[in-house]
Amino acid sequence: MLEHTVRWLALAIAGTTIAGSALATDITGAGSTFVYPILSQWSADYSAATGVKVNYQSIGSGGGIAQIKAATVDFGASDKPLDPDELAQAGLAQFPIVIGGVVPVVNMEGVEPGKLKLTGPVLADIFLGKIQKWGDPAIAALNPGLKLGGAAISVVHRSDGSGTTFNFANYLSKVSDEWKSKVGEGTSIQWPVGVGGKGNEGVAAYVKQIKNSIGYVELAYALQNKMSYASMKNRAGNFVEPSLESFQAAASNADWTKAKDFHLVITDAAGPNSWPIAASVFVLMYRQPKDADHTKTTLGFFKWALEKGQAQAKALDYVASPDALVKQVEAYWASTIK
Amino acid sequence: MTVSATVSPALGAEAAQARDRSASETRQDSLFRWVLLGAATLVLLVLGGAALSMLWGGRLAFQTFGWHFILSDDWDPVGRHFGAFVPIYGTLVSSAIAMLIAVPVSFGIALFLTEIAPGWLQGPIAAAIELLAGIPSIIYGMWGLFSFVPFMSDYVLPWVNDHLGPAPWIGVLFRGPPLGIGMLTAGIVLGIMVIPFISSVMRDVFRTVPASLKESAYALGSTTWEVVWKVVLPYTRSAVVGGIFLGLGRALGETMAVTFVLGNAHQLSASLLMPGNSIAATIANEFTEADSDLYLSSLIALGFLLFVVTLIVLAIARLMLHNLARREGR
């Protein structure tokens, strides 16, 4: 009995000392699920190089914003940028860390990836339920070479709140006035039609299950699940396929210099090769942190990630921030985070 | 206590001992009673605490929308209008379908096991049912989505569309695109999930029927059907209804399996083939990203409504039992 108690005490003490020493070098973050794979890869590599551990909880962008506002974590990550007013009110700074993209995926027999061409307004009409058949003249006019058939379109969307949905709806709001007035943008929205899958994997599974369906997922899910995706007409009027190059083009063509606190959603970007539904992930940190050491360590990690983490990003189907943007972010750190 | 008063003085020592013993037993007994009372009160406290904290968390939604929160089918996170009618409807309908399937099948299983099955078969079937009860609900969900949904959309739903769709009255329930994902599929998966719970309760209570009762009925020339219908069921009725409502309670609150196959769409449709939503699935899907106070409050209010719905259903069950008992003059 006594031996037992002693052993438990020893364990408990060991536990607290481990936790204590870990607190000294660990940095913690929470938020976006989209950025989780690359952040965990970066943190593993960074910890191997420097011994600093980054503990990231992928609880969703909304959760990340709530946690950083409650100051329970060193940084929050969100797919949706906060506007400068909200940032100032909470005393937060914001900067983009990595670029990704949202891809319309379809399940149509005999349609190769990238062969189906869509424009923003047509995509909006499909998700509004106005275009209900694949053979609709609006789709047929864009795809003279494809046999579309008369099958009804089944729309698949996210059932959970998500930064992916935010970027997708943001794009549709930019290209369709009807979408903007009837549905709008947000991490959760009121979908006019369709079925909802939980998470990117849920949408991917539904699109694979339901014939003649269309949904939207992040590129990595489309590639890993070998799904057929659509080419989109961008603002310059060219049809582009989703790829790391077209995401990169969108990020490079976005004008970050004019955006206060990087408050910019890079959907519907200019440039001949830009993917229209590219998205960036933002990191939120305190401008005047209580714990200067933690903040310094956290910034050290992000500096390393931005400058040395490109290869890992590419391997996981993310696009690293363009060099010009990295310089701008570092200047922002120097001027904003004390 | 009266024992000590009746013993003769010659046995005083023993009497004193008995008195001591009796006193300590009384103490023990009262302690035991308090412990039991504490256990029972704890249930009430937890139940009341959970209900009140959800009501408190959902007060913003109830204040903002009033009765519209229950009656409106609008669920618009962007415009911040929330109404719970679609999830409430989906919860009730999918559970009703589940019970339509689970109750007769469970009856069959339990009666087969207790009345008909030879001894060597009872063990394996009972073990299989218990195994079915032990499968985590997410496994049911994934099986539902990856195996059952394609089967439904390829074979069952086209047939349903062709044969039941044109029927008068009920036809409207069975018209729609054969997505495979929707209320009907969710109800069937739920039904399969609750069968083990209902059937194991039924089997256990059917076993409590005294053999002499059944043997007497058989001796009077009853068929198996008559014995079941006129002896076994009346004898076990309240426990059987209890088992059914245990299963129903589980179906009402089931989350993971439902969210996989229900479609999670806030749309009201008469057709069972169309996607819908349930209270538990809505909460599970949207809680993490509920980005405004009103949104969060509406989800907590949904939780409170699930509580209320379950309470109402259980109350109806009690009432039914009560009426049954009265009609029988008990």
# chains A, B, ... in the order shown; residues from 1 in each chain; ligands from 1
>>> residues_around(residues="Tyr216 (chain A)", least_positions_apart="2", cutoff="8 Å", atoms="only C-alpha atoms", output="list in words")
Val102, Val103, Pro104, Val105, Val156, His157, Phe168, Val203, Ile214 and Glu218 of chain A
>>> interface_residues(of="chain A", to="chain B", cutoff="6 Å", atoms="only C-alpha atoms", output="PyMOL selection string")
chain A and resi 62+159-161+188-190+195-196
>>> write_last_selection(atoms="C-alpha atoms", output="compact mmCIF listing (two decimals), in the first residue's frame")
# COMPACT_ATOMS: atom_id res chain seq x y z
CA GLY A 62 -12.88 29.77 -35.02
CA SER A 159 -21.36 20.40 -42.85
CA ASP A 160 -18.93 21.80 -40.29
CA GLY A 161 -17.74 25.36 -40.08
CA SER A 188 -20.58 28.33 -41.94
CA ILE A 189 -23.23 29.45 -44.39
CA GLN A 190 -26.81 28.57 -45.24
CA VAL A 195 -25.68 17.45 -48.76
CA GLY A 196 -23.05 18.21 -46.15
>>> closest_residue(among="B:Gly58, B:Pro136, B:Pro168, B:Gly48", to="Gly303 (chain B)", atoms="only C-alpha atoms")
B:Gly58
>>> closest_atom_pairs(of="region 195-308 of chain B", to="region 110-128 of chain B", cutoff="8 Å", atoms="only C-alpha atoms", output="tab-separated table")
residue	atom	partner	partner_atom	distance
B:Ser199	CA	B:Ala110	CA	5.5
B:Ser200	CA	B:Ala110	CA	7.0
B:Met202	CA	B:Ala110	CA	5.8
B:Arg203	CA	B:Ala110	CA	4.5
B:Phe206	CA	B:Thr114	CA	6.8
B:Arg207	CA	B:Thr114	CA	6.5
B:Thr224	CA	B:Glu115	CA	7.9
B:Val228	CA	B:Leu111	CA	7.9
>>> atom_distance(atom1="CA of Trp56 (chain B)", atom2="CA of Ile300 (chain B)")
8.8 Å
>>> select_by_dssp(residues="region 74-320 of chain A", states="strand (DSSP E)", output="MDAnalysis selection string")
chainID A and resid 75:78 92:107 117:118 154:158 195:197 213:218 228:229 231:233 239:240 278:286 319:320
>>> atom_distance(atom1="CA of Gly194 (chain A)", atom2="CA of Ser213 (chain A)")
9.4 Å
>>> decode(residues="region 165-198 of chain B", atoms="N, CA and C atoms", output="PDB file, in the first residue's frame")
ATOM      1  N   GLY B 165     -42.906   5.463 -55.039  1.00  0.00           N
ATOM      2  CA  GLY B 165     -43.028   6.871 -55.392  1.00  0.00           C
ATOM      3  C   GLY B 165     -44.384   7.252 -55.959  1.00  0.00           C
ATOM      4  N   PRO B 166     -44.928   6.456 -56.905  1.00  0.00           N
ATOM      5  CA  PRO B 166     -46.217   6.841 -57.508  1.00  0.00           C
ATOM      6  C   PRO B 166     -47.415   6.575 -56.604  1.00  0.00           C
ATOM      7  N   ALA B 167     -47.220   5.878 -55.493  1.00  0.00           N
ATOM      8  CA  ALA B 167     -48.353   5.529 -54.640  1.00  0.00           C
ATOM      9  C   ALA B 167     -49.005   6.794 -54.088  1.00  0.00           C
ATOM     10  N   PRO B 168     -50.352   6.736 -53.920  1.00  0.00           N
ATOM     11  CA  PRO B 168     -51.012   7.902 -53.318  1.00  0.00           C
ATOM     12  C   PRO B 168     -50.652   8.013 -51.843  1.00  0.00           C
ATOM     13  N   TRP B 169     -50.837   9.163 -51.280  1.00  0.00           N
ATOM     14  CA  TRP B 169     -50.572   9.461 -49.869  1.00  0.00           C
ATOM     15  C   TRP B 169     -49.110   9.275 -49.492  1.00  0.00           C
ATOM     16  N   ILE B 170     -48.665   8.003 -49.394  1.00  0.00           N
ATOM     17  CA  ILE B 170     -47.312   7.799 -48.898  1.00  0.00           C
ATOM     18  C   ILE B 170     -46.259   8.056 -49.970  1.00  0.00           C
ATOM     19  N   GLY B 171     -46.706   8.218 -51.234  1.00  0.00           N
ATOM     20  CA  GLY B 171     -45.751   8.358 -52.332  1.00  0.00           C
ATOM     21  C   GLY B 171     -44.777   9.503 -52.121  1.00  0.00           C
ATOM     22  N   VAL B 172     -45.263  10.583 -51.530  1.00  0.00           N
ATOM     23  CA  VAL B 172     -44.436  11.776 -51.374  1.00  0.00           C
ATOM     24  C   VAL B 172     -43.225  11.495 -50.475  1.00  0.00           C
ATOM     25  N   LEU B 173     -43.344  10.463 -49.649  1.00  0.00           N
ATOM     26  CA  LEU B 173     -42.217  10.112 -48.785  1.00  0.00           C
ATOM     27  C   LEU B 173     -41.077   9.468 -49.555  1.00  0.00           C
ATOM     28  N   PHE B 174     -41.401   8.924 -50.712  1.00  0.00           N
ATOM     29  CA  PHE B 174     -40.422   8.074 -51.393  1.00  0.00           C
ATOM     30  C   PHE B 174     -40.015   8.583 -52.758  1.00  0.00           C
ATOM     31  N   ARG B 175     -40.161   9.887 -52.981  1.00  0.00           N
ATOM     32  CA  ARG B 175     -39.732  10.447 -54.252  1.00  0.00           C
ATOM     33  C   ARG B 175     -38.479  11.276 -54.039  1.00  0.00           C
ATOM     34  N   GLY B 176     -37.543  11.170 -54.968  1.00  0.00           N
ATOM     35  CA  GLY B 176     -36.342  11.992 -54.849  1.00  0.00           C
ATOM     36  C   GLY B 176     -35.164  11.320 -55.504  1.00  0.00           C
ATOM     37  N   PRO B 177     -34.083  12.049 -55.665  1.00  0.00           N
ATOM     38  CA  PRO B 177     -32.911  11.476 -56.308  1.00  0.00           C
ATOM     39  C   PRO B 177     -32.304  10.386 -55.427  1.00  0.00           C
ATOM     40  N   PRO B 178     -31.876   9.282 -56.015  1.00  0.00           N
ATOM     41  CA  PRO B 178     -31.318   8.197 -55.204  1.00  0.00           C
ATOM     42  C   PRO B 178     -29.884   8.480 -54.762  1.00  0.00           C
ATOM     43  N   LEU B 179     -29.717   9.464 -53.890  1.00  0.00           N
ATOM     44  CA  LEU B 179     -28.378   9.803 -53.412  1.00  0.00           C
ATOM     45  C   LEU B 179     -27.808   8.691 -52.538  1.00  0.00           C
ATOM     46  N   GLY B 180     -28.695   7.987 -51.849  1.00  0.00           N
ATOM     47  CA  GLY B 180     -28.240   6.984 -50.890  1.00  0.00           C
ATOM     48  C   GLY B 180     -28.037   7.587 -49.522  1.00  0.00           C
ATOM     49  N   ILE B 181     -27.809   8.910 -49.486  1.00  0.00           N
ATOM     50  CA  ILE B 181     -27.617   9.601 -48.211  1.00  0.00           C
ATOM     51  C   ILE B 181     -28.920  10.309 -47.880  1.00  0.00           C
ATOM     52  N   GLY B 182     -29.427  10.095 -46.695  1.00  0.00           N
ATOM     53  CA  GLY B 182     -30.675  10.771 -46.356  1.00  0.00           C
ATOM     54  C   GLY B 182     -31.340  10.145 -45.155  1.00  0.00           C
ATOM     55  N   MET B 183     -32.578  10.598 -44.923  1.00  0.00           N
ATOM     56  CA  MET B 183     -33.311  10.209 -43.737  1.00  0.00           C
ATOM     57  C   MET B 183     -33.534   8.697 -43.651  1.00  0.00           C
ATOM     58  N   LEU B 184     -33.908   8.079 -44.775  1.00  0.00           N
ATOM     59  CA  LEU B 184     -34.228   6.648 -44.760  1.00  0.00           C
ATOM     60  C   LEU B 184     -32.996   5.832 -44.402  1.00  0.00           C
ATOM     61  N   THR B 185     -31.871   6.132 -45.071  1.00  0.00           N
ATOM     62  CA  THR B 185     -30.640   5.406 -44.797  1.00  0.00           C
ATOM     63  C   THR B 185     -30.234   5.586 -43.336  1.00  0.00           C
ATOM     64  N   ALA B 186     -30.322   6.822 -42.861  1.00  0.00           N
ATOM     65  CA  ALA B 186     -29.936   7.085 -41.473  1.00  0.00           C
ATOM     66  C   ALA B 186     -30.817   6.293 -40.517  1.00  0.00           C
ATOM     67  N   GLY B 187     -32.133   6.245 -40.813  1.00  0.00           N
ATOM     68  CA  GLY B 187     -33.052   5.508 -39.964  1.00  0.00           C
ATOM     69  C   GLY B 187     -32.723   4.023 -39.928  1.00  0.00           C
ATOM     70  N   ILE B 188     -32.377   3.459 -41.103  1.00  0.00           N
ATOM     71  CA  ILE B 188     -32.069   2.028 -41.149  1.00  0.00           C
ATOM     72  C   ILE B 188     -30.791   1.734 -40.359  1.00  0.00           C
ATOM     73  N   VAL B 189     -29.756   2.568 -40.564  1.00  0.00           N
ATOM     74  CA  VAL B 189     -28.503   2.353 -39.831  1.00  0.00           C
ATOM     75  C   VAL B 189     -28.749   2.468 -38.328  1.00  0.00           C
ATOM     76  N   LEU B 190     -29.538   3.464 -37.941  1.00  0.00           N
ATOM     77  CA  LEU B 190     -29.880   3.630 -36.528  1.00  0.00           C
ATOM     78  C   LEU B 190     -30.615   2.408 -36.002  1.00  0.00           C
ATOM     79  N   GLY B 191     -31.536   1.895 -36.816  1.00  0.00           N
ATOM     80  CA  GLY B 191     -32.299   0.723 -36.417  1.00  0.00           C
ATOM     81  C   GLY B 191     -31.382  -0.452 -36.122  1.00  0.00           C
ATOM     82  N   ILE B 192     -30.417  -0.679 -37.029  1.00  0.00           N
ATOM     83  CA  ILE B 192     -29.475  -1.776 -36.819  1.00  0.00           C
ATOM     84  C   ILE B 192     -28.671  -1.546 -35.536  1.00  0.00           C
ATOM     85  N   MET B 193     -28.365  -0.279 -35.266  1.00  0.00           N
ATOM     86  CA  MET B 193     -27.568   0.027 -34.078  1.00  0.00           C
ATOM     87  C   MET B 193     -28.303  -0.252 -32.777  1.00  0.00           C
ATOM     88  N   VAL B 194     -29.621  -0.005 -32.762  1.00  0.00           N
ATOM     89  CA  VAL B 194     -30.317  -0.149 -31.477  1.00  0.00           C
ATOM     90  C   VAL B 194     -30.898  -1.539 -31.288  1.00  0.00           C
ATOM     91  N   ILE B 195     -30.914  -2.366 -32.340  1.00  0.00           N
ATOM     92  CA  ILE B 195     -31.438  -3.730 -32.197  1.00  0.00           C
ATOM     93  C   ILE B 195     -30.782  -4.480 -31.036  1.00  0.00           C
ATOM     94  N   PRO B 196     -29.468  -4.475 -30.917  1.00  0.00           N
ATOM     95  CA  PRO B 196     -28.876  -5.230 -29.809  1.00  0.00           C
ATOM     96  C   PRO B 196     -29.341  -4.766 -28.433  1.00  0.00           C
ATOM     97  N   PHE B 197     -29.548  -3.451 -28.272  1.00  0.00           N
ATOM     98  CA  PHE B 197     -29.967  -2.955 -26.956  1.00  0.00           C
ATOM     99  C   PHE B 197     -31.368  -3.438 -26.629  1.00  0.00           C
ATOM    100  N   ILE B 198     -32.272  -3.280 -27.594  1.00  0.00           N
ATOM    101  CA  ILE B 198     -33.653  -3.661 -27.328  1.00  0.00           C
ATOM    102  C   ILE B 198     -33.758  -5.177 -27.185  1.00  0.00           C
TER     103      ILE B 198
END
